[in-house]
>>> print(open('work29.cif').read())   # mmCIF, C-alpha atoms
data_entry
loop_
_atom_site.label_atom_id
_atom_site.label_comp_id
_atom_site.auth_asym_id
_atom_site.auth_seq_id
_atom_site.Cartn_x
_atom_site.Cartn_y
_atom_site.Cartn_z
CA ALA A 1 3.86 -71.79 9.70
CA LEU A 2 0.60 -69.91 9.33
CA GLN A 3 -0.93 -72.93 7.64
CA ASN A 4 0.07 -75.13 10.54
CA GLU A 5 -1.45 -72.72 13.05
CA LEU A 6 -4.70 -72.66 11.10
CA GLU A 7 -4.84 -76.45 11.01
CA GLU A 8 -4.20 -76.64 14.75
CA ALA A 9 -6.95 -74.05 15.34
CA ASP A 10 -9.34 -76.07 13.18
CA HIS A 11 -8.50 -79.21 15.19
CA GLY A 12 -9.18 -77.29 18.41
CA ILE A 13 -12.49 -76.08 17.11
CA ILE A 14 -13.41 -79.61 16.09
CA PHE A 15 -12.51 -80.97 19.55
CA LEU A 16 -14.50 -78.19 21.21
CA SER A 17 -17.48 -78.94 18.97
CA MET A 18 -17.29 -82.63 19.86
CA GLU A 19 -17.09 -81.85 23.60
CA LEU A 20 -20.01 -79.45 23.24
CA GLU A 21 -22.04 -82.11 21.49
CA GLN A 22 -21.23 -84.56 24.27
CA LEU A 23 -22.26 -82.00 26.88
CA LEU A 24 -25.49 -81.30 25.04
CA ALA A 25 -26.18 -85.02 24.74
CA GLU A 26 -25.50 -85.51 28.45
CA LYS A 27 -27.77 -82.59 29.23
CA ALA A 28 -30.51 -84.06 27.07
CA ARG A 29 -30.10 -87.40 28.86
CA LEU A 30 -30.34 -85.75 32.26
CA VAL A 31 -33.42 -83.81 31.15
CA ASP A 32 -35.03 -87.05 29.96
CA GLU A 33 -34.25 -88.74 33.27
CA LEU A 34 -35.61 -85.82 35.25
CA GLN A 35 -38.72 -85.73 33.10
CA SER A 36 -39.21 -89.47 33.57
CA GLU A 37 -38.78 -89.12 37.35
CA LEU A 38 -41.19 -86.17 37.34
CA GLU A 39 -43.77 -88.19 35.44
CA GLU A 40 -43.38 -91.08 37.92
CA THR A 41 -43.75 -88.62 40.82
CA ASN A 42 -46.84 -87.09 39.25
CA HIS A 43 -48.25 -90.58 38.71
CA GLY A 44 -47.56 -91.41 42.36
CA ILE A 45 -49.23 -88.18 43.47
CA ILE A 46 -52.26 -89.02 41.35
CA LEU A 47 -52.46 -92.52 42.86
CA LEU A 48 -52.11 -91.13 46.39
CA THR A 49 -54.77 -88.53 45.65
CA MET A 50 -57.14 -91.23 44.40
CA GLU A 51 -56.45 -93.40 47.44
CA LEU A 52 -57.02 -90.44 49.74
CA GLU A 53 -60.30 -89.65 48.00
CA GLU A 54 -61.41 -93.28 48.32
CA LEU A 55 -60.45 -93.29 51.99
CA GLN A 56 -62.30 -90.03 52.62
CA LYS A 57 -65.31 -91.37 50.75
CA ALA A 58 -65.29 -94.59 52.80
CA GLN A 59 -64.92 -92.63 56.05
CA LEU A 60 -67.70 -90.28 55.00
CA GLN A 61 -69.99 -93.20 54.19
CA GLU A 62 -69.14 -94.85 57.50
CA GLY A 63 -69.76 -91.58 59.33
CA MET A 64 -73.09 -91.11 57.58
CA ALA A 65 -74.09 -94.68 58.46
CA THR A 66 -73.19 -94.02 62.09
CA ILE A 67 -75.18 -90.77 62.07
CA ASN A 68 -78.19 -92.53 60.55
CA GLN A 69 -77.99 -95.26 63.17
CA LEU A 70 -77.75 -92.69 65.95
CA GLN A 71 -80.76 -90.86 64.52
CA VAL A 72 -82.77 -94.11 64.51
CA GLU A 73 -81.71 -94.81 68.11
CA LEU A 74 -82.57 -91.22 69.08
CA ILE A 75 -86.04 -91.57 67.55
CA ASP A 76 -86.57 -94.84 69.44
CA THR A 77 -85.33 -93.24 72.65
CA ASN A 78 -87.65 -90.26 72.19
CA GLU A 79 -90.58 -92.60 71.59
CA ASP A 80 -89.72 -94.53 74.77
CA LEU A 81 -89.31 -91.26 76.65
CA ASN A 82 -92.67 -90.01 75.42
CA ALA A 83 -94.32 -93.27 76.46
CA LEU A 84 -92.70 -93.05 79.90
CA THR A 85 -93.76 -89.41 80.20
CA VAL A 86 -97.37 -90.36 79.44
CA GLU A 87 -97.22 -93.17 82.02
CA LEU A 88 -95.64 -90.83 84.56
CA ASN A 89 -98.29 -88.17 83.98
CA GLU A 90 -101.04 -90.77 84.35
CA SER A 91 -99.43 -92.06 87.55
CA GLU A 92 -99.10 -88.53 88.90
CA GLU A 93 -102.74 -87.80 88.11
CA MET A 94 -103.84 -90.99 89.82
CA TYR A 95 -101.57 -90.32 92.79
CA ARG A 96 -102.82 -86.73 93.03
CA SER A 97 -106.44 -87.91 92.84
CA ILE A 98 -105.83 -90.43 95.62
CA LEU A 99 -104.19 -87.81 97.82
CA GLU A 100 -106.84 -85.19 97.14
CA ASN A 101 -109.63 -87.62 98.05
CA ALA A 102 -107.86 -89.24 100.98
CA THR A 103 -109.74 -89.14 104.29
CA GLU A 104 -106.47 -88.84 106.21
CA ALA A 105 -104.67 -85.54 106.66
CA ILE A 106 -101.52 -85.66 104.53
CA PHE A 107 -98.73 -83.15 105.13
CA THR A 108 -95.27 -82.56 103.77
CA PHE A 109 -92.84 -80.93 106.18
CA THR A 110 -89.39 -79.45 105.69
CA GLU A 111 -86.49 -80.84 107.68
CA LYS A 112 -86.99 -78.00 110.20
CA GLY A 113 -90.63 -78.98 110.70
CA LEU A 114 -92.37 -76.27 108.63
CA THR A 115 -95.51 -77.26 106.72
CA GLU A 116 -94.76 -77.26 102.98
CA THR A 117 -97.97 -78.71 101.51
CA VAL A 118 -101.27 -80.07 102.86
CA LYS A 119 -104.20 -82.02 101.47
CA PRO A 120 -107.84 -80.92 101.91
CA ALA A 121 -108.58 -83.36 104.74
CA ALA A 122 -105.96 -81.60 106.89
CA SER A 123 -108.03 -78.41 106.98
CA GLU A 124 -111.10 -80.24 108.21
CA LEU A 125 -109.10 -82.18 110.77
CA PHE A 126 -107.36 -79.21 112.39
CA GLY A 127 -109.91 -76.47 111.62
CA TYR A 128 -107.54 -74.26 109.63
CA ASP A 129 -107.82 -73.10 106.04
CA GLU A 130 -105.19 -74.64 103.78
CA HIS A 131 -103.28 -71.37 103.37
CA GLU A 132 -103.15 -70.98 107.16
CA LEU A 133 -101.51 -74.37 107.57
CA ILE A 134 -98.70 -73.58 105.12
CA GLY A 135 -95.64 -72.49 107.08
CA MET A 136 -96.94 -73.66 110.47
CA THR A 137 -94.56 -75.75 112.53
CA ILE A 138 -95.26 -79.36 113.29
CA GLY A 139 -95.03 -78.49 116.98
CA SER A 140 -97.92 -76.06 116.69
CA LEU A 141 -100.10 -78.89 115.38
CA ILE A 142 -98.69 -81.67 117.57
CA PRO A 143 -97.52 -80.16 120.88
CA GLU A 144 -95.53 -83.28 121.79
CA PHE A 145 -93.12 -82.50 118.92
CA ASN A 146 -92.76 -78.84 119.90
CA ARG A 147 -89.35 -79.28 121.51
CA ILE A 148 -87.92 -81.59 118.83
CA GLY A 149 -85.72 -79.71 116.40
CA THR A 150 -85.91 -81.60 113.09
CA LEU A 151 -87.94 -84.27 111.32
CA THR A 152 -84.89 -86.53 111.37
CA GLU A 153 -84.95 -86.37 115.18
CA ILE A 154 -88.68 -87.11 115.17
CA ARG A 155 -88.07 -90.14 112.96
CA GLU A 156 -85.36 -91.45 115.28
CA ARG A 157 -87.69 -91.00 118.24
CA LEU A 158 -90.54 -92.82 116.49
CA LYS A 159 -88.24 -95.69 115.48
CA LYS A 160 -87.49 -96.29 119.13
CA ILE A 161 -91.22 -96.47 119.84
CA ASN A 162 -92.40 -98.36 116.75
CA SER A 163 -90.50 -99.76 113.77
CA ASN A 164 -93.34 -98.51 111.51
CA ARG A 165 -92.55 -94.94 112.64
CA GLU A 166 -96.07 -94.28 113.88
CA THR A 167 -97.28 -93.16 117.25
CA PHE A 168 -100.45 -92.14 119.05
CA VAL A 169 -100.32 -88.56 120.32
CA PHE A 170 -102.60 -85.52 120.57
CA GLY A 171 -103.21 -82.92 117.87
CA LEU A 172 -104.09 -79.30 118.59
CA LYS A 173 -107.02 -77.78 116.68
CA LYS A 174 -107.33 -74.10 115.77
CA ASP A 175 -109.90 -73.64 118.56
CA GLY A 176 -107.35 -74.87 121.11
CA SER A 177 -108.91 -78.28 121.72
CA LEU A 178 -106.79 -81.42 121.83
CA PHE A 179 -107.85 -84.62 120.08
CA PRO A 180 -106.22 -88.06 119.78
CA ILE A 181 -104.39 -88.77 116.51
CA GLU A 182 -102.31 -91.47 114.91
CA PHE A 183 -99.15 -89.93 113.41
CA THR A 184 -97.18 -91.82 110.74
CA LEU A 185 -93.97 -90.42 109.24
CA GLY A 186 -92.87 -91.58 105.79
CA ASN A 187 -89.43 -91.66 104.19
CA PRO A 188 -87.73 -88.41 103.18
CA ILE A 189 -88.37 -87.08 99.67
CA TYR A 190 -85.42 -85.48 97.88
CA ARG A 191 -86.57 -82.76 95.46
CA SER A 192 -85.30 -79.21 95.38
CA LYS A 193 -85.00 -79.68 99.12
CA LEU A 194 -85.51 -82.39 101.71
CA LEU A 195 -89.18 -82.99 102.49
CA TRP A 196 -91.00 -85.44 104.76
CA MET A 197 -94.49 -86.83 104.20
CA ALA A 198 -96.67 -87.49 107.21
CA ILE A 199 -100.15 -89.00 107.54
CA ILE A 200 -102.36 -87.96 110.46
CA ARG A 201 -105.55 -89.83 111.35
CA ASP A 202 -108.22 -88.75 113.82
CA ASN A 203 -108.42 -91.43 116.53
CA THR A 204 -111.39 -89.96 118.39
CA GLU A 205 -113.92 -92.54 117.23
CA ARG A 206 -111.41 -95.35 117.56
CA ASN A 207 -110.65 -94.36 121.13
CA LYS A 208 -114.38 -94.21 121.90
CA ALA A 209 -114.87 -97.67 120.44
CA GLU A 210 -111.93 -99.06 122.39
CA ALA A 211 -113.26 -97.48 125.58
CA SER A 212 -116.67 -99.06 124.92
CA PHE A 213 -115.06 -102.46 124.35
CA ARG A 214 -113.05 -102.15 127.58
CA LEU A 215 -116.21 -101.18 129.47
CA MET A 216 -118.12 -104.10 128.01
CA ALA A 217 -115.26 -106.45 128.86
CA LYS A 218 -115.35 -105.31 132.49
CA ILE A 219 -119.14 -105.78 132.57
CA PHE A 220 -118.85 -109.30 131.16
CA GLU A 221 -116.07 -110.24 133.56
CA GLY A 222 -117.90 -108.89 136.65
CA SER A 223 -121.39 -110.19 135.83
CA ASN A 224 -122.80 -113.42 137.26
CA ASP A 225 -125.73 -113.31 134.82
CA ALA A 226 -125.85 -114.94 131.42
CA ILE A 227 -125.32 -112.27 128.74
CA ILE A 228 -126.36 -112.76 125.15
CA ILE A 229 -125.52 -110.27 122.38
CA THR A 230 -127.73 -110.07 119.29
CA ASP A 231 -127.86 -107.99 116.16
CA THR A 232 -130.75 -105.69 115.20
CA LYS A 233 -132.66 -108.66 113.79
CA GLY A 234 -132.44 -110.63 117.02
CA ASN A 235 -129.82 -113.04 115.81
CA VAL A 236 -127.35 -114.16 118.48
#
>>> encode(input="work29.cif", output="structure tokens")
Amino acid sequence: ALQNELEEADHGIIFLSMELEQLLAEKARLVDELQSELEETNHGIILLTMELEELQKAQLQEGMATINQLQVELIDTNEDLNALTVELNESEEMYRSILENATEAIFTFTEKGLTETVKPAASELFGYDEHELIGMTIGSLIPEFNRIGTLTEIRERLKKINSNRETFVFGLKKDGSLFPIEFTLGNPIYRSKLLWMAIIRDNTERNKAEASFRLMAKIFEGSNDAIIITDTKGNV
């Protein structure tokens, strides 16, 4: 009986050993499969990493090319801007020279009619120093505009008289004397504030010449004698 029990125990041990071997073999197979899958995953990660690096490299190269192109365009733009600045400065110098040497009185007025800037001829025309003219109202220089509120209203009034926005009125000198002037109002200038440019010409000599012509015309029309006009050399 004991022998039989020992044999049965041996058989059990053998069966257990065989099952254990099978389990170990299955475990080894699973480990191999997992290792193979892990290697494939690692390989995929490596490929993705390489692709990502290539993509980043391509994007970086494209970005650098774009930056270089923008830098070239910026250099060209700066060169054009510098050239335009030089031309603008030259134009301003020429314009300033023309205004400074102009025989007409040139003013800039604010919308409310205050003198903002003047050119040298204005001082001679009205008898004021330049600094005295700054801040004076247009009405104090041209009495006819004294009751007009703004330069816009003056422009509208002049447009009704003349499409060129010019008129013949009287200016008031510092000594209180009136003299005939031709007043021309330009278009508004938009800078830090609204300004108006005006040109004022002394019409004294012109009025004298026109009066002389009118007098001569009356003499010619009322004379029964033959009248001949010659120059200083006696030419008719």
>>> atom_distance(input="work29.cif", atom1="atom CA of Leu178 of chain A", atom2="atom CA of Thr152 of chain A")
24.8 Å
>>> closest_residue(input="work29.cif", among="A:Tyr190, A:Leu195, A:Thr77, A:Thr184", to="Glu116 of chain A", atoms="all atoms listed in the file")
A:Leu195
>>> closest_atom_pairs(input="work29.cif", of="segment 105-155 of chain A", to="segment 199-202 of chain A", cutoff="8 Å", atoms="all atoms listed in the file", output="tab-separated table")
residue	atom	partner	partner_atom	distance
A:Ala105	CA	A:Ile200	CA	5.1
A:Ile106	CA	A:Ile199	CA	4.7
A:Phe107	CA	A:Ile199	CA	6.5
A:Leu125	CA	A:Asp202	CA	7.3
>>> atom_distance(input="work29.cif", atom1="atom CA of Ile189 of chain A", atom2="atom CA of Arg155 of chain A")
13.6 Å
>>> resolve_selection(input="work29.cif", expression="the PyMOL selection byres ((chain A and resi 175) around 10)", output="MDAnalysis selection string")
chainID A and resid 126:128 172:174 176:178
>>> residues_around(input="work29.cif", residues="Thr117 of chain A", least_positions_apart="3", cutoff="12 Å", atoms="all atoms listed in the file", output="list in words")
Leu99, Glu100, Ala105, Ile106, Phe107, Thr108, Phe109, Thr110, Gly113, Leu114, Pro120, Ala122, Ser123, Glu130, His131, Glu132, Leu133, Ile134, Gly135, Met136, Thr137, Leu195, Trp196, Met197 and Ala198 of chain A
>>> write_last_selection(input="work29.cif", atoms="C-alpha atoms", output="mmCIF file, keeping the file's coordinate frame")
data_model
loop_
_atom_site.group_PDB
_atom_site.id
_atom_site.type_symbol
_atom_site.label_atom_id
_atom_site.label_comp_id
_atom_site.auth_asym_id
_atom_site.auth_seq_id
_atom_site.Cartn_x
_atom_site.Cartn_y
_atom_site.Cartn_z
ATOM 1 C CA LEU A 99 -104.190 -87.810 97.820
ATOM 2 C CA GLU A 100 -106.840 -85.190 97.140
ATOM 3 C CA ALA A 105 -104.670 -85.540 106.660
ATOM 4 C CA ILE A 106 -101.520 -85.660 104.530
ATOM 5 C CA PHE A 107 -98.730 -83.150 105.130
ATOM 6 C CA THR A 108 -95.270 -82.560 103.770
ATOM 7 C CA PHE A 109 -92.840 -80.930 106.180
ATOM 8 C CA THR A 110 -89.390 -79.450 105.690
ATOM 9 C CA GLY A 113 -90.630 -78.980 110.700
ATOM 10 C CA LEU A 114 -92.370 -76.270 108.630
ATOM 11 C CA PRO A 120 -107.840 -80.920 101.910
ATOM 12 C CA ALA A 122 -105.960 -81.600 106.890
ATOM 13 C CA SER A 123 -108.030 -78.410 106.980
ATOM 14 C CA GLU A 130 -105.190 -74.640 103.780
ATOM 15 C CA HIS A 131 -103.280 -71.370 103.370
ATOM 16 C CA GLU A 132 -103.150 -70.980 107.160
ATOM 17 C CA LEU A 133 -101.510 -74.370 107.570
ATOM 18 C CA ILE A 134 -98.700 -73.580 105.120
ATOM 19 C CA GLY A 135 -95.640 -72.490 107.080
ATOM 20 C CA MET A 136 -96.940 -73.660 110.470
ATOM 21 C CA THR A 137 -94.560 -75.750 112.530
ATOM 22 C CA LEU A 195 -89.180 -82.990 102.490
ATOM 23 C CA TRP A 196 -91.000 -85.440 104.760
ATOM 24 C CA MET A 197 -94.490 -86.830 104.200
ATOM 25 C CA ALA A 198 -96.670 -87.490 107.210
#
